[in-house]
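Shown next, in structure tokens, is the structure this report addresses.
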There are 4 protein chains.
Amino acid sequence: MTAHAAREGRTETPHHGADSPGHRTGVWFIGARGSVATTATAGCAAIAAGLHPPTGMVTETPPFADTGLPPLASLVFGGHDILDCPLPKRAEALAEGGVLPYRLPTAVRSELDAADAEIRPGGPLPGDTRTDQQIIAAFAADLTDFAHRHELARTVVINVSSTEPAPGPDDPRLPASSLYAAAALRAGCSYVNFTPSTGLRAPGLADDVADCGLPHAGRDGKTGQTLLRSVLAPMFLQRALPVRAWSGSNLLGGGDGAALADPAAAAAKNAGKERVLADTFGTAPEGEVHIDDVPAMGDWKTAWDHIAFDGFLGSRMVLQTIWQGCDSALAAPLVLDLARLLARSHEAGLSGPRPELGFYFKDPDGGTSPALAEQYAALLAFAERLRGMA
Amino acid sequence: MTAHAAREGRTETPHHGADSPGHRTGVWFIGARGSVATTATAGCAAIAAGLHPPTGMVTETPPFADTGLPPLASLVFGGHDILDCPLPKRAEALAEGGVLPYRLPTAVRSELDAADAEIRPGGPLPGDTRTDQQIIAAFAADLTDFAHRHELARTVVINVSSTEPAPGPDDPRLPASSLYAAAALRAGCSYVNFTPSTGLRAPGLADDVADCGLPHAGRDGKTGQTLLRSVLAPMFLQRALPVRAWSGSNLLGGGDGAALADPAAAAAKNAGKERVLADTFGTAPEGEVHIDDVPAMGDWKTAWDHIAFDGFLGSRMVLQTIWQGCDSALAAPLVLDLARLLARSHEAGLSGPRPELGFYFKDPDGGTSPALAEQYAALLAFAERLRGMA
Amino acid sequence: MTAHAAREGRTETPHHGADSPGHRTGVWFIGARGSVATTATAGCAAIAAGLHPPTGMVTETPPFADTGLPPLASLVFGGHDILDCPLPKRAEALAEGGVLPYRLPTAVRSELDAADAEIRPGGPLPGDTRTDQQIIAAFAADLTDFAHRHELARTVVINVSSTEPAPGPDDPRLPASSLYAAAALRAGCSYVNFTPSTGLRAPGLADDVADCGLPHAGRDGKTGQTLLRSVLAPMFLQRALPVRAWSGSNLLGGGDGAALADPAAAAAKNAGKERVLADTFGTAPEGEVHIDDVPAMGDWKTAWDHIAFDGFLGSRMVLQTIWQGCDSALAAPLVLDLARLLARSHEAGLSGPRPELGFYFKDPDGGTSPALAEQYAALLAFAERLRGMA
Amino acid sequence: MTAHAAREGRTETPHHGADSPGHRTGVWFIGARGSVATTATAGCAAIAAGLHPPTGMVTETPPFADTGLPPLASLVFGGHDILDCPLPKRAEALAEGGVLPYRLPTAVRSELDAADAEIRPGGPLPGDTRTDQQIIAAFAADLTDFAHRHELARTVVINVSSTEPAPGPDDPRLPASSLYAAAALRAGCSYVNFTPSTGLRAPGLADDVADCGLPHAGRDGKTGQTLLRSVLAPMFLQRALPVRAWSGSNLLGGGDGAALADPAAAAAKNAGKERVLADTFGTAPEGEVHIDDVPAMGDWKTAWDHIAFDGFLGSRMVLQTIWQGCDSALAAPLVLDLARLLARSHEAGLSGPRPELGFYFKDPDGGTSPALAEQYAALLAFAERLRGMA
């Protein structure tokens with residue numbers, strides 16, 4: 001049974017006519033043919049069709065009931081990418097790598113085809129002679145066209161492309177991530193930066209961001225090693241156990257591994273990983289973080305952390321953690337959560353950075369606590385607030 | 001410079017005449033010659049003398065300033081034990097094992113001698129023909145005598161002895177831990193059970209506990225693997241990542257390793273380790289916990305946890321943790337914290353179980369959250385409350 | 001392209017008319033529907049067809065060229081099992097669990113069907129009233145019939161069923177593994193015990209074994225944790241670093257996990273794991289081995305070892321290893337190796353236990369070195385000897 | 001009891017008048033005040049005095065009995081260093097860090113003082129205007145003077161200083177390690193390079209090395225992570241399990257950690273770690289090695305290795321190892337072994353590189369096997385040969 005057929009057969013009442021024109025929500029991925037976007041697109045279809053439980057989606061847990069989030073079945077996917085591998089083929093490769101269940105690409109083939117048809121060329125590619133403004137205008141036109149054709153109530157733009165190197169301070173051009181982000185604002189779309197790239201934080205976009213009247217959130221999704229750090233670091237702090245050194249190594253293949261083999265990109269990524277420690281302890285402990293590109297790992301990732309801490313009377317103790325997961329599968333449910341939460345924020349008239357979403361980010365907007373427990377409490381409070389607005 | 005000399009040289013104003021008669025607080029250890037009690041006794045002297053920072057003592061962090069806790073220098077140590085190895089010799093052995101800094105036993109020799117002089121024979125030993133009530137009366141007399149001779153404002157009794165096997169349901173006698181606990185109440189002392197032993201939870205003591213008008217806390221200090229579990233389990237829950245199996249192995253030598261080689265004692269210990277998981281997830285995941293006696297490890301302990309969890313679309317992920325620490329050094333600062341918090345609770349007229357102290361226990365009193373972050377918040381609120389009472 | 005088609009298309013010269021009657025070798029699995037047998041059967045077909053390289057098969061490496069081993073394409077599979085799940089369905093389940101490549105069950109469907117048709121009911125099941133001799137005769141008849149119908153040159157019987165509990169000393173009946181082993185000898189088949197079960201080592205079979213004139217090998221395949229131990233223990237010995245304690249934990253699901261949840265079966269398994277340490281060091285170091293049944297792990301297994309050793313002047317050092325693999329995929333190529341080596345030994349007229357095969361076993365026959373390097377050297381010398389006999 | 005007193009009390013027959021003039025062997029350390037040299041000097045005294053067993057010394061195991069090695073009590077220590085911290089103070093610091101037993105510096109105080117008196121200034125320091133030849137002559141004079149005053153039969157020079165950056169190809173000067181090595185040859189001393197530094201392998205020394213008529217050995221002692229690799233890599237090879245990626249991270253403090261924070265020095269070190277893999281597999285697998293300077297670790301080191309390998313039919317498996325040890329304690333017994341083996345080789349008239357000692361090195365001389373088991377066999381054969389020469 002395909003996802004389409006499964007969905008047809010569902011007998012429960014559709015949520016508020018979720019599928020009808022004007023009630024649909026657009027989800028536009030920057031990096032739409034990448035592992036994260038492909039996994040999110042395929043997974044959304046599979047969950048909406050009842051083929052899989054919504055594992056890893058916080059917005060599907062009880063505290064988010066009746067908060068007015070757009071149903072998964074109402075999401076329409078599109079995006080930009082500079083690659084041209086068709087989504088169904090990409091999904092097939094992910095299934096071979098064990099990231100997607102092996103029958104899933106077939107089961108959600110029609111949804112993958114539909115999303116594939118809505119992917120527009122990204123850029124700029126080498127040799128592109130357009131100005132930044134021309135590129136922004138072109139991207140924004142893609143977004144407007146997408147919304148118009150699908151009669152979307154609103155669209156959330158989410159950057160899930162590979163990490164770009166941090167731009168130099170005197171570079172007169174906006175980095176690509178900022179061109180996409182500026183286009184989102186221009187097209188009236190809310191925006192999420194799930195990567196460590198610059199996005200809305202380019203100095204040249206400060207006025208646009210201030211005046212946009214749109215909600216936005218980011219930066220750099222917290223999926224694995226940093227997620228762990230956001231619960232372990234507070235533990236050491238609360239127990240008055242001084243951390244002497246916190247060292248980490250990450251092994252990953254896939255596109256992200258290759259991108260992060262660029263030292264400038266790795267530096268951008270590492271900054272986020274160390275921020276949680278510096279924010280928790282006041283000062284970053286000794287220790288480095290390495291990110292190794294290991295193509296043999298494919299989409300799977302291993303992160304080892306070694307934490308040397310002092311006990312009573314200076315006794316030396318050590319905690320080590322080994323996290324083995326699939327980055328795409330860790331990121332995808334958070335991306336779907338964020339698409340729904342931003343769309344709902346937009347609908348509710350909220351604008352500006354959303355510090356309530358610090359739970360999802362290594363480098364959250366606004367002055368949020370670095371501790372996961374407090375971030376979760378803030379997220380629950382936000383859910384309560386949205387419920388009141390419904 | 002010995003601790004005594006160092007203390008004499010301190011120029012800061014003493015806290016409320018902490019050392020003067022009537023302002024001193026007794027700390028009475030069940031298992032007073034064990035590693036934890038020896039480490040706590042030596043460490044308290046070293047910290048009070050300024051020889052070491054109070055690493056691991058939560059009550060020495062800023063939120064506990066001005067909450068009226070008894071100063072470390074005002075604590076007077078004594079206890080029961082069935083062994084007769086002198087404390088200074090015990091401390092020397094701990095220094096050889098790397099648990100205590102190697103010059104410390106010499107530096108705090110006079111304090112160790114003083115505590116050693118206040119250790120009374122424990123029991124009951126095989127062949128003891130006294131009734132439970134006779135034993136309780138004898139233990140209580142030891143406590144009263146201790147308080148009287150030192151003109152103590154009050155005394156906290158803390159069980160830090162080896163884990164005893166869980167008593168059978170039809171055993172007519174109280175287990176030793178309960179005899180000591182009953183003696184504490186009879187002598188008007190507050191009580192902390194830092195072990196998984198029965199203590200005040202014997203059915204036969206229910207009335208005494210209900211009527212005692214004294215504060216008490218416990219059971220089973222949360223020092224390592226369970227501490228970790230109390231931050232990791234909430235993380236999985238908050239991120240909607242179902243834990244499929246949580247398995248653990250503990251290797252430890254020392255007295256605790258030998259005691260826990262007894263399956264009945266190990267069962268008592270494991271119950272606490274698994275409770276945090278069951279309490280967090282609603283039901284305990286698959287997986288066992290092993291405790292191995294490995295004499296070669298001495299007082300050092302290694303705990304390995306393997307957590308198999310599901311990611312998006314059922315992808316299989318794994319977190320492993322390896323915790324390497326010294327049990328005595330992990331426990332001692334918590335024991336000193338609890339001594340101070342119970343003494344202060346007693347002074348403030350609080351009685352009954354203190355759920356605010358769930359932060360310290362695997363198996364806390366009352367209906368407290370199993371999540372460390374929430375337990376810490378409750379502890380801070382308690383500090384605030386104590387400050388208001390000062 | 002199916003394996004059959006792929007094989008047909010091969011242009012290389014067939015080895016000695018491997019597929020022709022009288023040149024085929026039978027491989028008869030005890031536990032023919034289990035994970036190991038299914039993986040070996042499917043994998044043999046896939047490799048013979050050129051669909052996969054022979055990863056993990058030592059007999060396919062250069063030192064074994066021209067040693068006269070039966071080609072993979074000449075092996076004919078059959079076996080006994082008490083279960084009745086069809087092999088193709090079993091293979092499909094293994095593919096879903098990630099043990100087999102997901103297109104493999106389809107590609108080798110005809111070979112799986114053929115093997116499935118040659119599986120006979122195992123036993124004895126509860127209520128079976130036959131005597132041991134009657135059961136042995138029935139099993140032997142199955143073997144003779146198999147050889148006759150396929151015109152096999154010879155057959156190797158390999159026990160890959162779940163570990164059975166060690167029999168009590170006074171049990172008058174032979175354990176099932178010994179009934180199968182006795183049947184192998186009676187039918188003139190060489191025999192391999194890849195499990196810790198009793199097999200040929202039952203006292204009651206001693207005369208049969210002595211008189212059989214057939215080669216046999218075993219016991220208990222060395223696939224993971226023990227394989228590691230067989231290289232690490234010699235390293236410590238050679239470097240004069242005394243091992244103080246060697247502790248291990250195994251987590252596994254699948255059929256083997258469930259079987260080993262029986263303490264008697266686990267004891268049989270653990271004996272093998274500890275043997276390599278005792279044999280290397282002269283005496284077993286401190287430390288226990290645990291085997292936990294964790295159904296959530298499926299066919300995947302994690303083994304953690306913690307080795308506490310002394311360095312210069314008694315400094316304490318630790319090595320920890322974490323081995324994560326799929327038991328069936330580790331065992332299957334060794335099983336195919338052994339089938340070929342035993343068949344070739346039989347052809348060459350060798351009989352009795354084959355200590356040259358200690359490389360493959362936790363508990364090898366004869367007085368072989370417990371060190372893998374020496375076992376490998378012995379295996380290479382055996383290959384050389386076989387080459388000379390070709 | 002001091003080591004001196006303990007030695008006096010020994011009743012066994014001295015080996016060949018080991019202490020008498022003309023029978024003593026000099027051990028001259030480059031880096032004589034470093035952790036390794038201090039540990040070796042103190043440890044030799046302690047073992048000779050019977051205070052500690054010779055843990056980690058392969059030359060004290062039975063196969064080396066009666067091979068004519070100089071007794072530990074006959075070794076006389078001296079060396080070069082550019083630092084001036086007295087050896088007894090250095091030993092005290094090592095005891096505080098847990099590297100040496102805490103009573104040891106006192107027990108071997110007189111031996112440490114004696115060695116301290118034989119340490120000469122190393123170099124060249126910045127501003128030194130001497131030519132390479134002048135420096136070599138000065139170092140050689142120090143060696144000759146040492147031998148003369150102590151009436152030494154012969155002296156072994158051993159480089160245990162911090163790793164120096166690999167020299168550039170066009171550098172006209174010899175690196176410091178080569179100046180010391182050249183001085184050794186000029187003074188007629190055998191030479192061991194226990195570090196990855198250039199030593200005798202400078203192109204400018206090729207003629208001197210060819211003509212010296214002295215035994216020499218090296219380079220880069222194999223103490224931890226590479227030791228492990230030298231048993232694990234052969235295991236994967238012998239089992240036909242292809243290693244897809246081998247990644248490693250090292251955390252260490254102490255002087256070596258700081259030296260290796262220099263990328264050029266780290267590159268020299270890593271080359272050795274990867275050589276064993278390339279030599280075993282024919283080509284180096286994917287994966288990087290990181291060496292982090294973590295001062296909080298002191299002399300203790302943690303090395304994590306992650307080995308991704310393929311199983312049957314391409315199944316993905318992983319082995320991880322965590323090695324926690326004290327570098328000085330790992331190195332010191334090997335250094336003492338090498339001092340004895342080189343002195344004995346010299347006495348026996350052997351000259352040139354000694355491939356029989358590949359067991360001790362990451363980057364051995366000559367064409368030795370990278371597998372530890374084969375290296376050990378070669379070492380045992382060498383012991384046998386020496387015995388025959390006695």
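Each chain of the structure tokens is named A, B, ... in the order shown, its residues numbered from 1; ligands are numbered from 1 in display order.
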**OP:** For chain A, work out the contacting residues on chain C at 9 Å, counting only C-alpha atoms, and write them as a ChimeraX atom specification.
**Re:** /C:96,98,101-102
Original post:
Residues at most 12 Å from Phe146 in chain C, counting only C-alpha atoms, excluding those fewer than 3 positions away in the same chain, as an MDAnalysis selection string?
Top reply: chainID C and resid 24:28 76:80 115 117:120 139:143 149:157 187 189
Original post:
Which neighbours of Ser247 in chain C fall inside 10 Å, counting only C-alpha atoms, when residues of the same chain fewer than 2 positions from it are skipped, and could you give them as a list in words?
Top reply: Ser249, Asn250, Leu251, Asp292 and Val294 of chain B; Ala245, Ser249, Glu274, Pro285, Glu286, Gly287, Glu288, Val289, His290, Trp304, Asp305, His306, Ile307, Ala308 and Gln320 of chain C
Subject >> Per-residue DSSP, range 239-299 of chain A, filtered to helix (DSSP H, G or I), as a list in words >> reply: Gly254, Gly255, Asp256, Gly257, Ala258, Ala259, Leu260, Pro263, Ala264, Ala265, Ala266, Ala267, Ala268, Lys269, Asn270, Ala271, Gly272, Lys273, Glu274, Arg275, Val276, Leu277, Ala278, Asp279, Thr280, Phe281, Pro295, Ala296 and Met297 of chain A
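Atom pair CA of Thr106 in chain C / CA of Thr41 in chain C has a distance of 13.4 Å (rounded to one decimal).
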Original post:
Which of these, A:Asp81, A:Glu374, A:Asp262, A:Val99, has the shortest distance to Lys301 in chain A once you count only C-alpha atoms?
Top reply: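 Once distances to Lys301 in chain A are computed over only C-alpha atoms, the minimum belongs to A:Val99.
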Give me the residues within 10 Å of Asp327 in chain A as an mmCIF file with C-alpha atoms, in the first residue's frame, counting only C-alpha atoms and dropping any in the same chain fewer than 6 places off.
```cif
data_model
loop_
_atom_site.group_PDB
_atom_site.id
_atom_site.type_symbol
_atom_site.label_atom_id
_atom_site.label_comp_id
_atom_site.auth_asym_id
_atom_site.auth_seq_id
_atom_site.Cartn_x
_atom_site.Cartn_y
_atom_site.Cartn_z
ATOM 1 C CA SER A 35 19.797 14.045 2.990
ATOM 2 C CA VAL A 36 17.936 16.075 5.596
ATOM 3 C CA VAL A 99 18.748 5.867 6.646
ATOM 4 C CA THR A 223 20.961 17.060 16.937
ATOM 5 C CA GLY A 224 23.618 14.989 18.659
ATOM 6 C CA LEU A 252 30.910 11.516 9.596
ATOM 7 C CA GLY A 253 30.618 10.839 5.919
ATOM 8 C CA GLY A 254 27.918 12.009 3.576
ATOM 9 C CA ASP A 256 28.181 17.122 5.524
ATOM 10 C CA ASP A 299 25.182 9.232 6.608
ATOM 11 C CA TRP A 300 26.034 7.721 9.975
ATOM 12 C CA LYS A 301 27.925 9.670 12.523
ATOM 13 C CA THR A 302 29.902 8.854 15.624
ATOM 14 C CA GLY B 311 15.231 7.742 15.696
#
```
**OP:** Identify, with DSSP run on backbone atoms, the residues in range 53-264 of chain D assigned to strand (DSSP E or B), and express the list as a PyMOL selection string.
**Re:** chain D and resi 75-81+119-121+152-159+190-193+215-218+221+243-252
So that I have them on file, write out the residues from the current selection with C-alpha atoms, as a tab-separated table (two decimals), in the first residue's frame.
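Output below, filename again.tsv:
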```tsv
chain	number	residue	atom	x	y	z
D	75	LEU	CA	73.44	0.73	34.85
D	76	VAL	CA	74.83	4.23	35.40
D	77	PHE	CA	72.62	7.12	34.31
D	78	GLY	CA	73.48	10.50	32.84
D	79	GLY	CA	72.35	12.66	29.97
D	80	HIS	CA	71.76	15.94	28.23
D	81	ASP	CA	68.90	18.31	28.82
D	119	ILE	CA	73.31	15.69	33.40
D	120	ARG	CA	75.03	18.14	31.06
D	121	PRO	CA	73.52	21.14	29.25
D	152	LEU	CA	82.08	2.19	31.83
D	153	ALA	CA	82.37	-0.82	29.60
D	154	ARG	CA	80.13	0.98	27.09
D	155	THR	CA	77.35	3.52	26.92
D	156	VAL	CA	73.95	3.51	25.21
D	157	VAL	CA	72.57	6.89	24.15
D	158	ILE	CA	68.77	7.05	24.12
D	159	ASN	CA	66.70	9.92	22.80
D	190	SER	CA	75.27	2.61	20.53
D	191	TYR	CA	72.15	4.65	19.95
D	192	VAL	CA	68.38	4.32	20.34
D	193	ASN	CA	65.86	6.82	19.01
D	215	PRO	CA	74.46	-1.07	16.79
D	216	HIS	CA	71.55	1.33	16.70
D	217	ALA	CA	67.77	1.03	16.82
D	218	GLY	CA	64.63	2.99	16.35
D	221	GLY	CA	58.66	3.87	20.74
D	243	VAL	CA	38.94	-2.00	7.26
D	244	ARG	CA	37.05	0.89	5.73
D	245	ALA	CA	38.25	3.64	8.04
D	246	TRP	CA	40.54	3.81	11.07
D	247	SER	CA	40.28	7.08	12.98
D	248	GLY	CA	41.99	8.08	16.19
D	249	SER	CA	42.12	10.81	18.78
D	250	ASN	CA	44.76	11.25	21.46
D	251	LEU	CA	44.45	13.45	24.49
D	252	LEU	CA	47.56	14.10	26.50
```
**OP:** Compile the contact shell of range 163-179 of chain C as an MDAnalysis selection string: residues with an atom at most 9 Å away, counting only C-alpha atoms, same-chain residues fewer than 2 positions apart removed.
**Re:** chainID C and resid 30 123:124 131:133 135:136 139 159:161 181:184 193 195:202 204:205 256 259:260 262:269
Original post:
Which of these residues is nearest to Pro234 in chain B, using only C-alpha atoms: B:Leu357, B:Ala278, B:Ala377, B:Ala343?
Top reply: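 Using only C-alpha atoms, Pro234 in chain B sits closest to B:Ala278.
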Subject >> Distance in Å - CA of Gly272 in chain A versus CA of Val318 in chain B >> reply: 22.7 Å
**OP:** May I ask for the distance between CA of Phe312 in chain D and CA of Leu100 in chain C, given in Å to one decimal place?
**Re:** 8.8 Å
